[in-house]
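This is structure-v9.csv (CSV, C-alpha atoms).
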```
chain,number,residue,atom,x,y,z
A,1,MET,CA,-30.0,-26.9,-21.9
A,2,GLN,CA,-29.1,-25.2,-25.2
A,3,LYS,CA,-28.9,-21.7,-23.7
A,4,TYR,CA,-26.5,-22.8,-21.1
A,5,LYS,CA,-24.5,-25.2,-23.2
A,6,ASN,CA,-20.8,-24.9,-22.6
A,7,LYS,CA,-21.4,-22.6,-19.8
A,8,LEU,CA,-19.1,-22.7,-16.9
A,9,TYR,CA,-21.2,-24.2,-14.1
A,10,LYS,CA,-20.6,-27.6,-15.7
A,11,ILE,CA,-17.3,-28.2,-14.1
A,12,PRO,CA,-16.4,-31.7,-12.9
A,13,ALA,CA,-14.5,-31.1,-9.6
A,14,ASN,CA,-12.3,-34.1,-9.0
A,15,THR,CA,-11.0,-32.4,-5.9
A,16,VAL,CA,-11.4,-32.6,-2.1
A,17,PHE,CA,-12.4,-29.1,-1.4
A,18,ILE,CA,-11.4,-26.6,-4.1
A,19,GLY,CA,-14.4,-26.0,-6.4
A,20,LYS,CA,-16.7,-28.5,-4.7
A,21,LYS,CA,-19.1,-25.6,-4.3
A,22,LEU,CA,-19.6,-23.4,-7.3
A,23,HIS,CA,-21.2,-20.0,-7.6
A,24,TYR,CA,-21.8,-19.4,-11.2
A,25,LEU,CA,-23.0,-16.2,-12.9
A,26,PRO,CA,-23.5,-15.8,-16.6
A,27,THR,CA,-22.2,-12.3,-16.3
A,28,CYS,CA,-20.8,-10.2,-13.4
A,29,HIS,CA,-18.6,-7.2,-12.8
A,30,SER,CA,-15.9,-9.0,-11.0
A,31,THR,CA,-15.7,-12.5,-9.5
A,32,ASN,CA,-13.5,-11.1,-6.7
A,33,ASP,CA,-16.2,-8.6,-5.7
A,34,ILE,CA,-18.8,-11.4,-5.7
A,35,ALA,CA,-16.5,-13.6,-3.6
A,36,ALA,CA,-16.0,-10.7,-1.2
A,37,THR,CA,-19.8,-10.3,-0.9
A,38,LEU,CA,-20.3,-14.0,-0.3
A,39,ILE,CA,-17.7,-13.9,2.5
A,40,ALA,CA,-19.2,-10.8,4.1
A,41,SER,CA,-22.7,-12.3,4.1
A,42,GLY,CA,-21.5,-15.6,5.6
A,43,HIS,CA,-22.3,-17.6,2.5
A,44,ALA,CA,-18.8,-18.5,1.5
A,45,GLU,CA,-17.1,-21.8,2.3
A,46,ASN,CA,-13.5,-22.9,2.1
A,47,GLY,CA,-12.7,-23.8,-1.5
A,48,MET,CA,-15.8,-22.2,-3.0
A,49,VAL,CA,-15.3,-21.0,-6.5
A,50,VAL,CA,-17.0,-18.0,-8.1
A,51,ILE,CA,-17.0,-18.2,-11.9
A,52,THR,CA,-18.5,-16.3,-14.8
A,53,ASP,CA,-18.7,-16.5,-18.5
A,54,HIS,CA,-18.5,-12.8,-18.9
A,55,GLN,CA,-16.7,-10.5,-16.5
A,56,THR,CA,-17.6,-7.0,-17.4
A,57,ASN,CA,-15.4,-5.0,-15.1
A,58,GLY,CA,-12.4,-7.3,-14.3
A,59,LYS,CA,-9.7,-5.8,-12.2
A,60,GLY,CA,-6.0,-5.9,-12.6
A,61,GLN,CA,-3.8,-4.5,-10.0
A,62,LEU,CA,-4.8,-1.2,-8.5
A,63,GLY,CA,-7.8,-0.6,-10.7
A,64,ASN,CA,-6.2,-1.5,-14.0
A,65,ALA,CA,-8.9,-3.0,-16.3
A,66,TRP,CA,-8.7,-6.7,-17.2
A,67,GLU,CA,-10.1,-7.2,-20.7
A,68,ALA,CA,-11.8,-10.5,-21.4
A,69,LYS,CA,-14.3,-11.3,-24.1
A,70,PRO,CA,-17.4,-13.3,-23.1
A,71,ASP,CA,-17.3,-17.1,-23.2
A,72,GLU,CA,-13.7,-17.2,-24.4
A,73,ASN,CA,-11.6,-16.9,-21.3
A,74,ILE,CA,-11.5,-18.1,-17.7
A,75,THR,CA,-12.3,-15.5,-15.1
A,76,MET,CA,-12.9,-17.0,-11.7
A,77,SER,CA,-12.1,-16.6,-8.0
A,78,VAL,CA,-11.2,-19.2,-5.5
A,79,ILE,CA,-12.2,-18.6,-1.9
A,80,LEU,CA,-9.9,-19.9,0.8
A,81,ILE,CA,-10.9,-19.8,4.5
A,82,PRO,CA,-8.0,-21.6,6.1
A,83,GLU,CA,-7.9,-22.3,9.8
A,84,GLN,CA,-4.3,-21.6,10.6
A,85,PHE,CA,-2.6,-19.6,7.9
A,86,GLN,CA,0.0,-17.1,9.1
A,87,ALA,CA,-0.1,-13.7,7.5
A,88,ARG,CA,3.7,-13.9,6.9
A,89,ASP,CA,3.1,-17.0,4.7
A,90,GLN,CA,0.9,-15.2,2.3
A,91,PHE,CA,3.3,-15.3,-0.6
A,92,GLY,CA,2.6,-19.0,-0.6
A,93,LEU,CA,-0.8,-18.1,-2.2
A,94,THR,CA,1.1,-16.6,-5.1
A,95,LEU,CA,3.3,-19.6,-5.3
A,96,ILE,CA,0.3,-22.0,-5.3
A,97,THR,CA,-1.6,-20.1,-8.0
A,98,THR,CA,1.2,-19.3,-10.4
A,99,VAL,CA,2.6,-22.9,-10.2
A,100,ALA,CA,-0.8,-24.4,-10.7
A,101,ILE,CA,-1.4,-22.3,-13.8
A,102,ASN,CA,2.1,-23.2,-15.0
A,103,ARG,CA,1.4,-26.9,-14.7
A,104,ILE,CA,-1.8,-26.6,-16.7
A,105,MET,CA,-0.1,-24.7,-19.4
A,106,HIS,CA,2.7,-27.2,-19.4
A,107,ASN,CA,0.2,-30.0,-19.9
A,108,LEU,CA,-1.2,-28.1,-22.9
A,109,GLY,CA,2.3,-28.0,-24.3
A,110,ILE,CA,2.9,-24.3,-23.5
A,111,ASP,CA,6.0,-23.3,-21.6
A,112,VAL,CA,5.0,-20.1,-19.8
A,113,GLU,CA,7.1,-18.0,-17.5
A,114,ILE,CA,6.2,-16.2,-14.3
A,115,LYS,CA,6.9,-12.5,-14.4
A,116,TRP,CA,7.7,-11.5,-10.8
A,117,PRO,CA,5.8,-11.5,-8.7
A,118,ASN,CA,2.6,-13.0,-10.2
A,119,ASP,CA,2.0,-12.6,-13.9
A,120,ILE,CA,1.9,-15.4,-16.4
A,121,TYR,CA,3.8,-14.7,-19.6
A,122,TYR,CA,4.4,-16.4,-22.9
A,123,LYS,CA,7.2,-14.9,-25.0
A,124,GLY,CA,6.9,-11.5,-23.6
A,125,LYS,CA,3.1,-11.4,-23.8
A,126,LYS,CA,0.6,-11.7,-20.9
A,127,LEU,CA,-1.4,-14.9,-20.9
A,128,GLY,CA,-2.9,-14.6,-17.5
A,129,GLY,CA,-2.9,-12.8,-14.3
A,130,ILE,CA,-3.9,-13.2,-10.7
A,131,LEU,CA,-5.2,-10.8,-8.1
A,132,ILE,CA,-5.3,-12.0,-4.6
A,133,ALA,CA,-7.1,-10.2,-1.8
A,134,ASN,CA,-6.8,-11.3,1.8
A,135,SER,CA,-8.4,-10.4,5.1
A,136,LEU,CA,-6.1,-10.4,8.1
A,137,THR,CA,-6.9,-10.3,11.8
A,138,GLY,CA,-3.8,-10.0,13.9
A,139,GLN,CA,-1.2,-12.4,12.5
A,140,LEU,CA,-3.7,-14.7,10.9
A,141,LEU,CA,-5.2,-14.7,7.4
A,142,THR,CA,-8.9,-15.2,7.9
A,143,ASP,CA,-9.9,-15.5,4.2
A,144,SER,CA,-8.4,-15.2,0.8
A,145,ILE,CA,-9.9,-14.5,-2.6
A,146,ILE,CA,-7.7,-15.7,-5.4
A,147,GLY,CA,-8.8,-14.1,-8.7
A,148,ILE,CA,-7.6,-15.8,-11.8
A,149,GLY,CA,-7.8,-14.5,-15.3
A,150,LEU,CA,-6.6,-16.7,-18.1
A,151,ASN,CA,-6.8,-16.0,-21.8
A,152,VAL,CA,-7.9,-19.1,-23.5
A,153,ASN,CA,-9.9,-18.9,-26.8
A,154,GLN,CA,-9.8,-15.2,-27.5
A,155,GLU,CA,-8.2,-14.6,-30.9
A,156,SER,CA,-7.3,-10.9,-30.8
A,157,PHE,CA,-6.7,-8.3,-28.1
A,158,GLU,CA,-7.0,-4.6,-28.2
A,159,ILE,CA,-3.9,-4.3,-26.1
A,160,GLY,CA,-0.8,-5.7,-28.0
A,161,GLN,CA,0.9,-7.3,-25.1
A,162,ALA,CA,-1.7,-10.0,-24.5
A,163,VAL,CA,-1.8,-13.5,-25.8
A,164,SER,CA,-4.2,-16.5,-25.5
A,165,VAL,CA,-3.8,-20.2,-25.5
A,166,LYS,CA,-5.5,-20.4,-28.8
A,167,ILE,CA,-3.2,-17.8,-30.4
A,168,ILE,CA,-0.2,-20.0,-29.2
A,169,THR,CA,-1.5,-23.4,-30.2
A,170,GLY,CA,-4.0,-22.6,-32.9
A,171,ARG,CA,-6.6,-24.7,-31.2
A,172,SER,CA,-9.8,-24.0,-29.3
A,173,TYR,CA,-10.4,-25.4,-25.8
A,174,GLU,CA,-13.4,-26.4,-23.7
A,175,LEU,CA,-13.1,-24.0,-20.8
A,176,SER,CA,-14.8,-26.2,-18.3
A,177,GLY,CA,-12.1,-28.9,-18.9
A,178,ILE,CA,-9.3,-26.4,-18.2
A,179,VAL,CA,-11.0,-25.0,-15.1
A,180,SER,CA,-11.5,-28.6,-13.8
A,181,LEU,CA,-7.8,-29.3,-14.2
A,182,LEU,CA,-6.9,-25.9,-12.8
A,183,LEU,CA,-8.9,-26.6,-9.6
A,184,LYS,CA,-7.2,-29.9,-9.2
A,185,GLU,CA,-3.8,-28.3,-9.6
A,186,ILE,CA,-4.5,-25.5,-7.2
A,187,GLU,CA,-5.6,-28.1,-4.6
A,188,GLU,CA,-2.4,-30.1,-5.2
A,189,CYS,CA,-0.2,-27.1,-5.0
A,190,TYR,CA,-2.0,-26.0,-1.8
A,191,GLN,CA,-1.3,-29.4,-0.2
A,192,LEU,CA,2.3,-29.2,-1.4
A,193,PHE,CA,2.7,-25.8,0.2
A,194,LYS,CA,1.4,-27.1,3.5
A,195,VAL,CA,4.0,-29.9,3.6
A,196,ASN,CA,6.8,-28.6,1.5
A,197,PRO,CA,6.8,-24.8,0.9
A,198,GLU,CA,10.4,-24.9,-0.2
A,199,GLY,CA,9.6,-27.5,-2.8
A,200,LEU,CA,6.8,-25.4,-4.2
A,201,LYS,CA,9.1,-22.3,-4.2
A,202,ARG,CA,11.7,-24.3,-6.2
A,203,ILE,CA,9.1,-25.0,-8.9
A,204,PHE,CA,8.2,-21.3,-8.9
A,205,LEU,CA,11.8,-20.3,-9.3
A,206,SER,CA,12.3,-22.8,-12.1
A,207,ARG,CA,9.7,-20.8,-14.1
A,208,LEU,CA,10.7,-17.3,-13.0
A,209,MET,CA,11.4,-15.0,-15.9
A,210,GLY,CA,15.0,-13.8,-15.9
A,211,LEU,CA,16.3,-16.1,-13.2
A,212,GLY,CA,20.0,-16.4,-13.4
A,213,LYS,CA,20.3,-14.0,-16.3
A,214,LYS,CA,22.2,-10.7,-16.3
A,215,GLY,CA,19.7,-7.9,-16.7
A,216,LYS,CA,19.5,-4.1,-16.6
A,217,PHE,CA,17.4,-2.7,-13.8
A,218,GLN,CA,16.6,0.5,-12.2
A,219,ARG,CA,16.2,1.5,-8.6
A,220,LEU,CA,12.9,3.1,-7.8
A,221,PRO,CA,12.0,5.8,-7.2
A,222,SER,CA,15.5,7.2,-7.9
A,223,GLY,CA,15.8,5.7,-11.4
A,224,GLU,CA,19.4,4.8,-10.9
A,225,GLU,CA,20.3,2.1,-13.4
A,226,PHE,CA,22.3,-1.0,-12.5
A,227,ILE,CA,23.2,-4.5,-13.8
A,228,GLY,CA,22.1,-7.4,-11.8
A,229,VAL,CA,21.2,-11.1,-11.8
A,230,ILE,CA,17.9,-12.3,-10.4
A,231,LYS,CA,18.8,-15.1,-7.9
A,232,GLY,CA,15.4,-15.8,-6.4
A,233,VAL,CA,12.7,-14.5,-4.0
A,234,ASP,CA,12.8,-14.5,-0.3
A,235,GLU,CA,10.1,-15.8,2.0
A,236,LEU,CA,8.0,-12.6,1.6
A,237,GLY,CA,8.2,-12.8,-2.1
A,238,ARG,CA,10.7,-10.0,-2.5
A,239,LEU,CA,13.1,-10.2,-5.4
A,240,GLU,CA,16.7,-11.2,-4.6
A,241,VAL,CA,19.1,-9.7,-7.1
A,242,LEU,CA,22.9,-10.1,-7.2
A,243,VAL,CA,24.4,-6.7,-7.6
A,244,ASN,CA,28.2,-6.3,-7.5
A,245,ASP,CA,28.7,-9.7,-5.8
A,246,LYS,CA,26.1,-8.9,-3.2
A,247,ILE,CA,22.5,-10.0,-2.8
A,248,GLU,CA,20.1,-7.2,-2.5
A,249,VAL,CA,16.4,-7.6,-1.7
A,250,PHE,CA,13.8,-5.5,-3.5
A,251,ASN,CA,10.3,-4.8,-2.8
A,252,LEU,CA,7.8,-4.4,-5.7
A,253,LYS,CA,8.1,-0.6,-5.8
A,254,GLU,CA,11.8,-0.5,-5.4
A,255,ILE,CA,12.9,-2.1,-8.7
A,256,GLY,CA,12.0,-1.8,-12.3
A,257,ALA,CA,13.3,-3.6,-15.4
A,258,LYS,CA,15.1,-1.6,-18.1
A,259,THR,CA,14.5,-3.2,-21.4
A,260,ASN,CA,16.3,-0.8,-23.7
B,1,MET,CA,-34.8,-23.0,-17.5
B,2,LYS,CA,-37.4,-25.8,-18.2
B,3,THR,CA,-38.0,-28.7,-15.8
B,4,LYS,CA,-36.2,-30.9,-18.2
B,5,GLU,CA,-33.1,-28.6,-18.1
B,6,ILE,CA,-33.2,-28.6,-14.3
B,7,GLN,CA,-33.4,-32.4,-14.4
B,8,ASP,CA,-30.4,-32.5,-16.7
B,9,LEU,CA,-28.5,-30.3,-14.5
B,10,ILE,CA,-29.3,-32.4,-11.4
B,11,ASP,CA,-28.1,-35.4,-13.3
B,12,PHE,CA,-24.9,-33.7,-14.3
B,13,ILE,CA,-24.2,-32.6,-10.8
B,14,SER,CA,-24.9,-36.1,-9.4
B,15,LYS,CA,-22.2,-37.4,-11.6
B,16,SER,CA,-19.7,-34.5,-11.5
B,17,GLY,CA,-18.3,-34.6,-8.0
B,18,LEU,CA,-19.7,-31.2,-7.3
B,19,ASN,CA,-21.5,-30.7,-4.0
B,20,GLU,CA,-23.3,-27.6,-4.7
B,21,VAL,CA,-24.0,-25.3,-7.6
B,22,ASN,CA,-25.6,-21.9,-7.4
B,23,ILE,CA,-26.7,-20.3,-10.6
B,24,GLU,CA,-27.9,-16.8,-10.8
B,25,THR,CA,-29.3,-15.2,-13.9
B,26,GLU,CA,-31.7,-12.4,-14.5
B,27,GLU,CA,-34.7,-14.7,-14.6
B,28,LEU,CA,-33.8,-17.3,-12.1
B,29,LYS,CA,-31.8,-18.2,-9.1
B,30,ILE,CA,-31.2,-21.9,-8.5
B,31,SER,CA,-29.2,-23.7,-5.9
B,32,ILE,CA,-28.7,-27.4,-6.1
B,33,LYS,CA,-27.0,-29.3,-3.4
B,34,ARG,CA,-26.3,-32.9,-2.8
B,35,SER,CA,-25.2,-34.6,0.4
B,36,PRO,CA,-21.8,-36.1,-0.3
B,37,ASP,CA,-22.0,-39.8,-0.6
B,38,VAL,CA,-18.5,-40.2,0.6
B,39,LYS,CA,-17.2,-38.8,3.8
B,40,THR,CA,-15.3,-35.7,3.1
B,41,THR,CA,-11.8,-35.7,4.1
B,42,GLU,CA,-11.0,-33.0,6.5
B,43,TYR,CA,-7.7,-31.4,6.3
B,44,VAL,CA,-6.4,-31.4,9.8
B,45,SER,CA,-3.1,-29.9,10.3
B,46,SER,CA,-0.8,-32.5,12.0
B,47,PRO,CA,-0.3,-31.9,15.6
B,48,ALA,CA,2.5,-29.6,16.6
B,49,VAL,CA,5.0,-32.3,17.2
B,50,ALA,CA,8.5,-31.3,16.3
B,51,GLN,CA,8.4,-32.0,12.6
B,52,PRO,CA,11.4,-32.8,10.6
B,53,GLN,CA,10.9,-29.8,8.5
B,54,ALA,CA,13.9,-28.0,7.0
B,55,PRO,CA,14.6,-25.0,9.2
B,56,GLN,CA,14.0,-22.7,6.2
B,57,ALA,CA,13.7,-19.6,8.1
B,58,SER,CA,17.0,-19.9,9.8
B,59,ALA,CA,19.1,-19.1,6.7
B,60,ALA,CA,17.2,-16.0,5.9
B,61,PRO,CA,18.2,-13.0,7.9
B,62,VAL,CA,15.0,-12.2,9.8
B,63,GLN,CA,14.7,-8.5,10.0
B,64,SER,CA,12.4,-7.9,12.9
B,65,VAL,CA,12.6,-4.2,13.4
B,66,GLU,CA,12.5,-4.0,17.1
B,67,LYS,CA,11.4,-0.6,18.1
B,68,ALA,CA,11.8,0.6,21.6
B,69,ALA,CA,8.2,0.7,22.8
B,70,GLU,CA,7.3,4.2,23.9
B,71,PRO,CA,6.1,4.4,27.4
B,72,ALA,CA,2.3,4.3,27.4
B,73,LYS,CA,1.1,7.9,27.8
B,74,SER,CA,-2.5,6.8,28.0
B,75,ASN,CA,-4.8,3.9,27.7
B,76,TYR,CA,-4.8,4.2,23.9
B,77,ILE,CA,-4.3,0.9,22.0
B,78,GLU,CA,-2.3,0.7,18.8
B,79,ILE,CA,-3.5,-1.3,15.8
B,80,LYS,CA,-0.2,-2.6,14.4
B,81,SER,CA,0.8,-3.8,11.0
B,82,PRO,CA,1.0,-7.6,10.8
B,83,MET,CA,3.4,-7.3,7.8
B,84,ILE,CA,5.8,-5.3,5.6
B,85,GLY,CA,4.1,-3.6,2.8
B,86,THR,CA,2.4,-0.4,1.5
B,87,PHE,CA,-0.4,1.2,3.6
B,88,TYR,CA,-3.6,2.3,1.9
B,89,ARG,CA,-6.5,3.9,3.7
B,90,SER,CA,-9.1,3.0,1.1
B,91,SER,CA,-9.7,0.2,-1.4
B,92,ASN,CA,-9.0,2.4,-4.4
B,93,PRO,CA,-8.2,6.1,-5.0
B,94,GLU,CA,-11.8,7.0,-5.7
B,95,SER,CA,-13.3,5.6,-2.5
B,96,ASP,CA,-13.5,7.0,1.0
B,97,SER,CA,-11.1,5.9,3.7
B,98,PHE,CA,-12.1,2.9,5.6
B,99,VAL,CA,-11.8,4.8,8.9
B,100,SER,CA,-11.0,8.4,9.9
B,101,VAL,CA,-10.2,10.1,13.2
B,102,GLY,CA,-13.3,10.1,15.4
B,103,ASP,CA,-14.8,7.0,13.8
B,104,THR,CA,-15.8,4.1,16.1
B,105,VAL,CA,-14.4,0.7,15.0
B,106,GLU,CA,-15.5,-2.7,16.0
B,107,ILE,CA,-13.4,-5.9,16.2
B,108,GLY,CA,-13.3,-7.4,12.7
B,109,GLN,CA,-13.9,-4.1,10.9
B,110,THR,CA,-11.6,-3.3,8.0
B,111,VAL,CA,-9.4,-0.4,8.8
B,112,CYS,CA,-6.9,-0.3,5.9
B,113,ILE,CA,-5.3,-2.3,3.1
B,114,ILE,CA,-1.7,-3.3,3.1
B,115,GLU,CA,-0.2,-4.4,-0.2
B,116,ALA,CA,2.8,-6.6,-0.5
B,117,MET,CA,4.1,-8.3,-3.7
B,118,LYS,CA,0.7,-7.6,-5.3
B,119,LEU,CA,-1.1,-9.3,-2.5
B,120,PHE,CA,-3.8,-7.0,-1.1
B,121,ASN,CA,-4.6,-7.4,2.5
B,122,GLU,CA,-7.6,-6.0,4.2
B,123,ILE,CA,-6.6,-5.4,7.8
B,124,GLU,CA,-9.3,-6.0,10.3
B,125,SER,CA,-9.2,-4.4,13.7
B,126,ASP,CA,-8.5,-6.6,16.7
B,127,VAL,CA,-9.8,-3.9,19.1
B,128,SER,CA,-12.9,-1.9,19.4
B,129,GLY,CA,-13.0,1.8,20.2
B,130,LYS,CA,-12.7,5.2,18.7
B,131,ILE,CA,-9.9,6.2,16.2
B,132,VAL,CA,-7.8,8.9,17.9
B,133,LYS,CA,-5.0,9.1,15.4
B,134,VAL,CA,-4.0,7.7,12.0
B,135,LEU,CA,-0.2,7.2,12.4
B,136,VAL,CA,0.8,6.6,8.8
B,137,ASP,CA,0.3,8.5,5.6
B,138,ASN,CA,-1.6,6.9,2.7
B,139,ALA,CA,0.4,5.0,0.2
B,140,THR,CA,3.6,4.9,2.2
B,141,PRO,CA,5.7,1.9,3.1
B,142,ILE,CA,5.4,0.3,6.5
B,143,GLU,CA,7.3,-2.2,8.5
B,144,TYR,CA,6.3,-5.2,10.4
B,145,ASP,CA,4.7,-4.3,13.8
B,146,GLN,CA,4.6,-0.6,13.0
B,147,PRO,CA,1.7,1.2,14.7
B,148,LEU,CA,-1.0,2.3,12.2
B,149,PHE,CA,-3.8,3.6,14.3
B,150,LEU,CA,-4.3,4.8,17.8
B,151,VAL,CA,-7.6,3.7,19.3
B,152,ASP,CA,-9.3,4.8,22.5
B,153,PRO,CA,-11.0,1.7,23.8
B,154,SER,CA,-13.0,3.4,26.5
```

Mind converting the file's structure to structure tokens?
Amino acid sequence: MQKYKNKLYKIPANTVFIGKKLHYLPTCHSTNDIAATLIASGHAENGMVVITDHQTNGKGQLGNAWEAKPDENITMSVILIPEQFQARDQFGLTLITTVAINRIMHNLGIDVEIKWPNDIYYKGKKLGGILIANSLTGQLLTDSIIGIGLNVNQESFEIGQAVSVKIITGRSYELSGIVSLLLKEIEECYQLFKVNPEGLKRIFLSRLMGLGKKGKFQRLPSGEEFIGVIKGVDELGRLEVLVNDKIEVFNLKEIGAKTN
Amino acid sequence: MKTKEIQDLIDFISKSGLNEVNIETEELKISIKRSPDVKTTEYVSSPAVAQPQAPQASAAPVQSVEKAAEPAKSNYIEIKSPMIGTFYRSSNPESDSFVSVGDTVEIGQTVCIIEAMKLFNEIESDVSGKIVKVLVDNATPIEYDQPLFLVDPS
């Protein structure tokens, strides 16, 4: 067992369906890609988790690299194959995942923020990210791959804007324990979303970076600067900003933050 | 992995609450399953009785962009966008388009990706036929129900 000690297939799943089936690889390019292959070949099941100790070609959004040292961080994908999930409800997947990660971090004594729409930050540095890929047929979501990257025990990063749990608390963690809790939280948040999406959204908003604070933004692509206050997100996940006593709704590519 | 290790692994799984573990390494591929000793709870969505749910949608101004449907010039079928977002013809800038004019598509075949709020959606065709026209440029914003492709089903 020595060779596989502390490896990530040893995950107690105290859940009903998330993570009851585990697809473990010591190393792989991207757990999201493996998950997609499992779905395409008919081998995936609702709640199945693909996890690796070493992701060599992790993806951030639109092909940005996701850097994670082997055996030190959590890189995994959760496969959802829901029966009746409307395409228009898909921001719920972001709510479920970001809130679940938030709760885990809160339990570890770390108060993280959600940077709209889906990044996990601690004091201006990125602690984790998610990358969700869905398949839609008509108005229904047929499957979803929720890729999660969480920096846990890594002590240094080549990019300056990243941080790990260990850097924050000074302690090392057993990854399987955190994954186990995370799977449980994801399942609970999933159930909460089913019965009370507004309640889940309220938790999301309570952790949303910049909520209620006056900030400098710019309109994209024009670059026009303005002062506004983030008031929330709408049902599609778009950012609601109070500008000159009026709520404006912004898509991802329509707004940028001005930090200077 | 030695027999002992496999035995340990089976012991672990029997206690862990996992139902199935697949492990793939260079030297081995192992799949361990156990039949659940408890009946699994199926999540059944409650019947569509009028639920006392907050009418959350009513407050938000629903902007359903109703476009006057053009009179059908032919028997072509449109593949429409199920959502607001950004339209991509391929999974990343380096790869080929999922489909091009002249291609035959089947039901369930991925035809494009629509991104919204960093959620990436592969759109599967709900019709089969030949792509006659791609109605939207790559990397442009699209609205709900906007026609994306024109398909000749014959």

Q: May I have the residues of chain B within 7 Å of chain A, counting only C-alpha atoms, written as a ChimeraX atom specification?
A: /B:5,16-25,41,82-83,92,117,119-126

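Between atom CA of B:Ser31 and atom CA of A:Thr52 the separation is 15.8 Å.
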
Q: Counting only C-alpha atoms, figure out which residue out of B:Lys118, B:Leu148, B:Gly129, B:Pro141 gets nearest to B:Thr86.
A: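 Among the listed residues, the smallest separation from B:Thr86 belongs to B:Pro141.
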
Q | Counting only C-alpha atoms, the residue of A:Ile114, A:Ile34, A:Ile51, A:Leu150 that sits nearest A:Glu72 | A | A:Leu150

**Q.** Counting all atoms listed in the file, the residue of A:Val229, A:Ile101, A:Ala44, A:Leu38 that sits nearest A:Glu188
**A.** A:Ile101

Q: Figure out the distance between atom CA of A:Asn46 and atom CA of B:Ile13, please, to one decimal in Å.
A: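 Pair atom CA of B:Ile13 / atom CA of A:Asn46 returns 19.4 Å.
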
Q | Distance in Å - atom CA of A:Tyr173 versus atom CA of A:Val152 | A |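 Distance between the two atoms: 7.2 Å.
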
Q: Counting only C-alpha atoms, find the residues whose atoms lie at most 10 Å from (-2.4, -28.6, -7.4) (file coordinates) and write them out as a PyMOL selection string.
A: chain A and resi 15+18+96-97+99-101+103-104+181-193

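When all atoms listed in the file are used to compute distances to A:Gly124, the closest of the residues A:Ser176, A:Gln161, A:Thr31, A:Asn73 turns out to be A:Gln161.
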
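Distances to B:Lys133 were evaluated for B:Val151, B:Ser97, B:Asn75, B:Phe87 using only C-alpha atoms, and the minimum falls at B:Val151.
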
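Candidate residues B:Gln7, B:Ser95, B:Ser90, B:Ser100 were compared for distance to B:Ile114, and the nearest is B:Ser90, using all atoms listed in the file.
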